Amino acid sequence: MITKVKIHGYRIFREFEFSPNPKLNLIVGANESGKSTLLEAMALALTGRVNGRKASEELNPYWFNTSLVKEFVAKRRAGEAVAFPEIHIELFFENRDDLQQLCGAVNSEVPTMACPGISMNIVPNSDYMDVLEKWAQNPSAILPVEYYVDDWRDFGDRKITNRPRQLVTAVIDSRTVRSTSGVDYHLREILGDHLEPAERAAISLAYREVKASISEGALGPVNMRIAAQHASLHDRPISLAMDQSQRTSWEGAITPHIDDVPFAMSGQGQQAAVKIALAMSRQSDRANFVMVEEPENNLSHTSLTSLLSRMTSLAGVQQQLFVTTHSSFVLNRLGLDSLLLVGAGGASRIPDLDAETVSYFRKLPGYDTLRMALARKVVLVEGPSDEIIFERVFKDIYGKLPMACGIDVLSMRGLSLGRCMELCAALDRPVAALRDNDGIEPSQLRDSVSAWLSSGRRDLFIGEVAHGRTLEPQLIHFNGEAQLRKALQITSQADLLTWMTREKTESALRIAESSVALVPPEYMRSAAEFIHG
């Protein structure tokens, strides 16, 4: 298994390092944070390929980190003799017997650490340094990658030309499943791993014999006619025959079928699900790395649930799974304890969550934990009406909605406040949590979540019992009945508290849309001031 990943100079990653979980890694992050780039870099080091093509064929100037290139160009223009930008991707593996042939001490660890590992380096071609130096006298912003080479080596400094057999890797991107070419490179790799060498040889021989029979059979009369027609024009006759060269091997002609329908004509969601299942069901005694990009794409809720259950059941002892996702459902189902938050400098794990908390969210996968993970600041409220009123209070104080200040207001919708606070504490998010007192002294209610509170960072805000048990009587206490009736536009005949309690969401919406000035409950004002900072 991969124990550490280090990336230098590759796309968004100027310097990047992280230590993945041994089995499951759920990679999340904001847009443009580098989730897909991370998997791409790892696959490049494991397979020597990007998008199914060799690194040398895909190499382009945009692989290089833009800030490093800009610095290089600026310093060279200023006359400084700085080194050319390079890309280095290193994967460190656990010290297993079957990986010892990749072992060595040629890596960037300080002090140097001897262990199995592999690196992909994109460096200037030494044969063209004179050309590069001439270009660098007045460099442009685009590196001349034509004079760069890919250098793929293990940690023993031995050059690699083909993927080591121990590093079986499957890459499944459900967003861009290729459906026009029948079988893409990654699926051919997956299917090929299911065949024994003798089976592959037998299929190849049978395929050649079939092509030979076509050449001798159906094409025979055609060739005789061509030879007769052109005998007077050519010294040697022209004939047609099936191509027997390597580029027309059986792997490119055989297509998997699902219920007798060609794989390429299946829906994209089904294609992704099949590829994931094939990749994860391979022999578990081999070092497998499975990388899945956003499995939630193109799948219905039911299909996604089935796929996630299958992924969990198929995960082998020797398989390391990397999944990027934008779905809280995927995150909760597969387990919050496997969460990795990706940023430009690395991917951070969250500290160990209580096993019961992980199980709690697995059973309630619909809750938007991903919003918690990606938010800069969080406000937790009990329900939709509290959320609506808090946003009105915040806007009255600061002139803009919380989201405009980078504050995400989340309704717990009946979930345990303690579980949500534990997750926020593990993520180290600033949190203001609000709740009703329900007739209980606030000091007593704080005890159940005190372990997750932190002075100035995470706090719980509760209205005084004397001001009402829930939000509605709190609003009446601070504003008076006349002002609230004006904001709610209800007649004096209706009992105000009864109506507001019965129509909680409707009353919150009317208050939010009203231009009538209102005084916020004190605990809400305090929460807004706390989270705004």
# chains A, B, ... in the order shown; residues from 1 in each chain; ligands from 1
>>> residues_around(residues="A:Met113", least_positions_apart="3", cutoff="12 Å", atoms="only C-alpha atoms", output="list in words")
Phe92, Phe93, Asn95, Cys103, Gly104, Ala105, Val106, Asn107, Ser108, Glu109, Val110, Pro116, Gly117, Phe155 and Gly156 of chain A
>>> residues_around(residues="stretch 32-34 of chain A", least_positions_apart="2", cutoff="8 Å", atoms="only C-alpha atoms", output="ChimeraX atom specification")
/A:12-13,29-30,36-38,342-344
>>> write_last_selection(atoms="N, CA and C atoms", output="compact mmCIF listing (two decimals), in the first residue's frame")
# COMPACT_ATOMS: atom_id res chain seq x y z
N ILE A 12 -1.53 22.23 -10.05
CA ILE A 12 -1.84 23.10 -8.93
C ILE A 12 -0.89 22.93 -7.75
N PHE A 13 -0.17 21.78 -7.73
CA PHE A 13 0.64 21.45 -6.56
C PHE A 13 2.07 21.94 -6.71
N GLY A 29 -12.82 18.27 -1.35
CA GLY A 29 -12.21 19.59 -1.35
C GLY A 29 -13.07 20.53 -2.16
N ALA A 30 -12.79 21.82 -2.04
CA ALA A 30 -13.53 22.80 -2.81
C ALA A 30 -13.19 22.65 -4.30
N SER A 36 -8.90 15.87 -8.49
CA SER A 36 -8.65 15.08 -9.69
C SER A 36 -7.17 15.07 -10.05
N THR A 37 -6.51 16.21 -9.84
CA THR A 37 -5.07 16.30 -10.14
C THR A 37 -4.28 15.34 -9.26
N LEU A 38 -4.70 15.18 -8.01
CA LEU A 38 -4.02 14.25 -7.10
C LEU A 38 -4.10 12.83 -7.64
N VAL A 342 -8.49 17.93 0.82
CA VAL A 342 -7.40 18.29 -0.08
C VAL A 342 -7.31 19.81 -0.23
N GLY A 343 -6.09 20.31 -0.11
CA GLY A 343 -5.78 21.70 -0.39
C GLY A 343 -4.53 21.76 -1.24
N ALA A 344 -4.07 22.96 -1.57
CA ALA A 344 -2.92 23.09 -2.47
C ALA A 344 -1.65 22.51 -1.86
>>> closest_residue(among="A:Thr498, A:Leu314, A:Asp154, A:Ile87", to="A:Ala114", atoms="only C-alpha atoms")
A:Asp154
>>> select_by_dssp(residues="stretch 246-491 of chain A", states="alpha helix (DSSP H)", output="ChimeraX atom specification")
/A:268-280,301-314,328-334,355-363,369-374,384-398,417-427,442-446,471-479,481-488
>>> atom_distance(atom1="atom CA of A:Phe461", atom2="atom CA of A:Ala433")
6.0 Å
>>> residues_around(residues="stretch 288-298 of chain A", least_positions_apart="5", cutoff="6 Å", atoms="only C-alpha atoms", output="ChimeraX atom specification")
/A:168-174,269,319-325
>>> select_by_dssp(residues="stretch 287-417 of chain A", states="strand (DSSP E or B)", output="ChimeraX atom specification")
/A:288-293,319-324,339-342,346-349,377-381,407-411
>>> write_last_selection(atoms="N, CA, C and O atoms", output="short mmCIF file (atom, residue, chain, number, x, y, z; two decimals), in the first residue's frame")
data_model
loop_
_atom_site.label_atom_id
_atom_site.label_comp_id
_atom_site.auth_asym_id
_atom_site.auth_seq_id
_atom_site.Cartn_x
_atom_site.Cartn_y
_atom_site.Cartn_z
N ASN A 288 -3.29 -3.93 -5.35
CA ASN A 288 -4.17 -3.22 -6.26
C ASN A 288 -4.43 -1.81 -5.75
O ASN A 288 -4.62 -1.59 -4.55
N PHE A 289 -4.46 -0.86 -6.69
CA PHE A 289 -4.82 0.51 -6.37
C PHE A 289 -6.01 0.87 -7.26
O PHE A 289 -5.90 0.81 -8.48
N VAL A 290 -7.12 1.20 -6.64
CA VAL A 290 -8.33 1.53 -7.39
C VAL A 290 -8.65 3.00 -7.14
O VAL A 290 -8.77 3.44 -5.99
N MET A 291 -8.77 3.77 -8.23
CA MET A 291 -9.05 5.20 -8.14
C MET A 291 -10.36 5.49 -8.85
O MET A 291 -10.50 5.21 -10.04
N VAL A 292 -11.30 6.05 -8.10
CA VAL A 292 -12.64 6.29 -8.63
C VAL A 292 -12.95 7.78 -8.53
O VAL A 292 -12.91 8.36 -7.44
N GLU A 293 -13.28 8.38 -9.66
CA GLU A 293 -13.65 9.80 -9.69
C GLU A 293 -15.16 9.93 -9.64
O GLU A 293 -15.88 9.48 -10.54
N GLN A 319 -6.13 -4.16 -1.23
CA GLN A 319 -6.56 -3.10 -2.12
C GLN A 319 -6.60 -1.77 -1.38
O GLN A 319 -7.07 -1.69 -0.25
N GLN A 320 -6.10 -0.74 -2.03
CA GLN A 320 -6.17 0.62 -1.50
C GLN A 320 -7.06 1.42 -2.43
O GLN A 320 -6.81 1.51 -3.63
N LEU A 321 -8.10 1.98 -1.88
CA LEU A 321 -9.13 2.63 -2.67
C LEU A 321 -9.09 4.15 -2.45
O LEU A 321 -9.06 4.62 -1.31
N PHE A 322 -9.08 4.90 -3.56
CA PHE A 322 -9.10 6.36 -3.53
C PHE A 322 -10.35 6.82 -4.27
O PHE A 322 -10.53 6.51 -5.44
N VAL A 323 -11.20 7.57 -3.58
CA VAL A 323 -12.47 8.01 -4.16
C VAL A 323 -12.59 9.52 -3.99
O VAL A 323 -12.52 10.03 -2.86
N THR A 324 -12.75 10.25 -5.09
CA THR A 324 -13.09 11.67 -4.98
C THR A 324 -14.60 11.80 -5.06
O THR A 324 -15.26 11.03 -5.77
N LEU A 339 -12.19 10.27 5.63
CA LEU A 339 -12.18 11.57 4.97
C LEU A 339 -10.78 12.17 4.89
O LEU A 339 -10.02 12.17 5.85
N LEU A 340 -10.45 12.70 3.71
CA LEU A 340 -9.22 13.46 3.49
C LEU A 340 -9.58 14.79 2.83
O LEU A 340 -10.21 14.80 1.77
N LEU A 341 -9.20 15.89 3.46
CA LEU A 341 -9.49 17.22 2.92
C LEU A 341 -8.29 17.70 2.11
O LEU A 341 -7.19 17.86 2.65
N VAL A 342 -8.49 17.93 0.82
CA VAL A 342 -7.40 18.29 -0.08
C VAL A 342 -7.31 19.81 -0.23
O VAL A 342 -8.31 20.49 -0.44
N GLY A 346 -1.53 19.96 0.67
CA GLY A 346 -1.59 18.58 1.16
C GLY A 346 -3.01 18.15 1.39
O GLY A 346 -3.97 18.90 1.15
N ALA A 347 -3.16 16.92 1.86
CA ALA A 347 -4.48 16.36 2.17
C ALA A 347 -4.45 15.96 3.63
O ALA A 347 -3.68 15.09 4.03
N SER A 348 -5.27 16.60 4.44
CA SER A 348 -5.25 16.35 5.88
C SER A 348 -6.34 15.38 6.30
O SER A 348 -7.47 15.47 5.84
N ARG A 349 -5.97 14.46 7.15
CA ARG A 349 -6.96 13.57 7.74
C ARG A 349 -7.65 14.30 8.89
O ARG A 349 -7.11 15.25 9.45
N LYS A 377 -16.73 28.62 8.10
CA LYS A 377 -17.36 28.74 9.41
C LYS A 377 -18.75 28.13 9.35
O LYS A 377 -19.38 28.14 8.28
N VAL A 378 -19.24 27.63 10.47
CA VAL A 378 -20.52 26.92 10.48
C VAL A 378 -21.41 27.45 11.59
O VAL A 378 -20.95 27.73 12.71
N VAL A 379 -22.69 27.60 11.25
CA VAL A 379 -23.72 27.87 12.26
C VAL A 379 -24.68 26.69 12.23
O VAL A 379 -25.22 26.35 11.18
N LEU A 380 -24.86 26.03 13.36
CA LEU A 380 -25.77 24.89 13.48
C LEU A 380 -27.05 25.35 14.17
O LEU A 380 -27.01 25.93 15.26
N VAL A 381 -28.18 25.10 13.51
CA VAL A 381 -29.48 25.45 14.09
C VAL A 381 -30.36 24.21 14.09
O VAL A 381 -30.07 23.22 13.41
N ILE A 407 -19.93 32.08 5.80
CA ILE A 407 -20.53 31.36 6.93
C ILE A 407 -21.67 30.50 6.42
O ILE A 407 -22.61 31.01 5.80
N ASP A 408 -21.60 29.20 6.67
CA ASP A 408 -22.63 28.27 6.21
C ASP A 408 -23.58 27.96 7.36
O ASP A 408 -23.15 27.51 8.43
N VAL A 409 -24.87 28.22 7.15
CA VAL A 409 -25.88 27.95 8.18
C VAL A 409 -26.53 26.61 7.86
O VAL A 409 -27.14 26.44 6.80
N LEU A 410 -26.40 25.66 8.77
CA LEU A 410 -26.89 24.29 8.55
C LEU A 410 -27.96 23.94 9.56
O LEU A 410 -27.77 24.08 10.77
N SER A 411 -29.06 23.44 9.04
CA SER A 411 -30.13 22.94 9.91
C SER A 411 -29.85 21.48 10.24
O SER A 411 -29.59 20.66 9.35
#
>>> closest_residue(among="A:Leu484, A:Gly48, A:Pro124, A:Met524", to="A:Thr161", atoms="only C-alpha atoms")
A:Gly48
>>> residues_around(residues="A:Tyr148", least_positions_apart="6", cutoff="8 Å", atoms="only C-alpha atoms", output="PDB file with N, CA, C and O atoms, in the first residue's frame")
ATOM      1  N   ILE A 122       9.679  14.682 -14.493  1.00  0.00           N
ATOM      2  CA  ILE A 122       9.676  15.353 -15.790  1.00  0.00           C
ATOM      3  C   ILE A 122      10.780  16.397 -15.722  1.00  0.00           C
ATOM      4  O   ILE A 122      10.663  17.407 -15.007  1.00  0.00           O
ATOM      5  N   VAL A 123      11.871  16.153 -16.455  1.00  0.00           N
ATOM      6  CA  VAL A 123      13.088  16.958 -16.306  1.00  0.00           C
ATOM      7  C   VAL A 123      13.634  17.359 -17.684  1.00  0.00           C
ATOM      8  O   VAL A 123      13.309  16.737 -18.703  1.00  0.00           O
ATOM      9  N   PRO A 124      14.472  18.387 -17.711  1.00  0.00           N
ATOM     10  CA  PRO A 124      15.086  18.775 -18.991  1.00  0.00           C
ATOM     11  C   PRO A 124      15.935  17.644 -19.569  1.00  0.00           C
ATOM     12  O   PRO A 124      16.610  16.915 -18.830  1.00  0.00           O
ATOM     13  N   ASN A 125      15.867  17.488 -20.870  1.00  0.00           N
ATOM     14  CA  ASN A 125      16.672  16.487 -21.571  1.00  0.00           C
ATOM     15  C   ASN A 125      18.112  16.996 -21.650  1.00  0.00           C
ATOM     16  O   ASN A 125      18.382  18.049 -22.236  1.00  0.00           O
TER      17      ASN A 125
END
>>> residues_around(residues="A:Tyr147", least_positions_apart="2", cutoff="9 Å", atoms="only C-alpha atoms", output="PyMOL selection string")
chain A and resi 123-129+131-132+144-145+149
>>> residues_around(residues="A:Arg446", least_positions_apart="3", cutoff="10 Å", atoms="only C-alpha atoms", output="list in words")
Glu441, Pro442, Ser443, Val449, Ser450, Ala451, Leu453, Asp459, Leu460, Phe461 and Ile462 of chain A
>>> write_last_selection(atoms="N, CA, C and O atoms", output="PDB file, in the first residue's frame")
ATOM      1  N   GLU A 441     -32.434  24.776  32.097  1.00  0.00           N
ATOM      2  CA  GLU A 441     -31.406  25.803  32.241  1.00  0.00           C
ATOM      3  C   GLU A 441     -30.275  25.578  31.245  1.00  0.00           C
ATOM      4  O   GLU A 441     -29.771  24.461  31.097  1.00  0.00           O
ATOM      5  N   PRO A 442     -29.849  26.636  30.527  1.00  0.00           N
ATOM      6  CA  PRO A 442     -28.786  26.501  29.523  1.00  0.00           C
ATOM      7  C   PRO A 442     -27.517  25.846  30.045  1.00  0.00           C
ATOM      8  O   PRO A 442     -26.863  25.096  29.311  1.00  0.00           O
ATOM      9  N   SER A 443     -27.151  26.096  31.291  1.00  0.00           N
ATOM     10  CA  SER A 443     -25.919  25.510  31.836  1.00  0.00           C
ATOM     11  C   SER A 443     -25.984  23.992  31.841  1.00  0.00           C
ATOM     12  O   SER A 443     -24.969  23.313  31.632  1.00  0.00           O
ATOM     13  N   VAL A 449     -22.426  18.720  25.464  1.00  0.00           N
ATOM     14  CA  VAL A 449     -21.535  19.013  24.325  1.00  0.00           C
ATOM     15  C   VAL A 449     -20.260  19.722  24.764  1.00  0.00           C
ATOM     16  O   VAL A 449     -19.485  20.196  23.918  1.00  0.00           O
ATOM     17  N   SER A 450     -20.020  19.791  26.056  1.00  0.00           N
ATOM     18  CA  SER A 450     -18.881  20.562  26.565  1.00  0.00           C
ATOM     19  C   SER A 450     -17.545  20.056  26.011  1.00  0.00           C
ATOM     20  O   SER A 450     -16.595  20.833  25.859  1.00  0.00           O
ATOM     21  N   ALA A 451     -17.468  18.754  25.703  1.00  0.00           N
ATOM     22  CA  ALA A 451     -16.208  18.189  25.196  1.00  0.00           C
ATOM     23  C   ALA A 451     -15.824  18.782  23.852  1.00  0.00           C
ATOM     24  O   ALA A 451     -14.643  18.756  23.478  1.00  0.00           O
ATOM     25  N   LEU A 453     -16.678  21.991  22.824  1.00  0.00           N
ATOM     26  CA  LEU A 453     -16.629  23.444  22.843  1.00  0.00           C
ATOM     27  C   LEU A 453     -15.194  23.933  23.015  1.00  0.00           C
ATOM     28  O   LEU A 453     -14.359  23.264  23.622  1.00  0.00           O
ATOM     29  N   ASP A 459     -18.908  27.422  20.202  1.00  0.00           N
ATOM     30  CA  ASP A 459     -19.715  27.732  21.382  1.00  0.00           C
ATOM     31  C   ASP A 459     -21.176  27.412  21.121  1.00  0.00           C
ATOM     32  O   ASP A 459     -21.607  27.302  19.968  1.00  0.00           O
ATOM     33  N   LEU A 460     -21.933  27.258  22.217  1.00  0.00           N
ATOM     34  CA  LEU A 460     -23.350  26.932  22.166  1.00  0.00           C
ATOM     35  C   LEU A 460     -24.139  28.122  22.698  1.00  0.00           C
ATOM     36  O   LEU A 460     -23.825  28.662  23.767  1.00  0.00           O
ATOM     37  N   PHE A 461     -25.182  28.525  21.967  1.00  0.00           N
ATOM     38  CA  PHE A 461     -25.978  29.694  22.336  1.00  0.00           C
ATOM     39  C   PHE A 461     -27.428  29.257  22.557  1.00  0.00           C
ATOM     40  O   PHE A 461     -28.055  28.666  21.672  1.00  0.00           O
ATOM     41  N   ILE A 462     -27.950  29.579  23.774  1.00  0.00           N
ATOM     42  CA  ILE A 462     -29.287  29.141  24.176  1.00  0.00           C
ATOM     43  C   ILE A 462     -30.001  30.313  24.828  1.00  0.00           C
ATOM     44  O   ILE A 462     -29.413  31.038  25.648  1.00  0.00           O
TER      45      ILE A 462
END
>>> residues_around(residues="A:Asn479", least_positions_apart="5", cutoff="10 Å", atoms="only C-alpha atoms", output="number ranges by chain")
A: 473-474, 484-485, 517-521
>>> write_last_selection(atoms="C-alpha atoms", output="PDB file, in the first residue's frame")
ATOM      1  CA  PRO A 473     -41.897  32.934  22.424  1.00  0.00           C
ATOM      2  CA  GLN A 474     -38.352  34.342  22.362  1.00  0.00           C
ATOM      3  CA  LEU A 484     -44.768  40.780  15.385  1.00  0.00           C
ATOM      4  CA  ARG A 485     -48.386  40.843  14.187  1.00  0.00           C
ATOM      5  CA  ALA A 517     -37.801  46.401  12.141  1.00  0.00           C
ATOM      6  CA  LEU A 518     -37.383  43.588  14.652  1.00  0.00           C
ATOM      7  CA  VAL A 519     -35.234  43.031  17.718  1.00  0.00           C
ATOM      8  CA  PRO A 520     -33.397  39.693  17.573  1.00  0.00           C
ATOM      9  CA  PRO A 521     -33.468  37.304  20.530  1.00  0.00           C
TER      10      PRO A 521
END
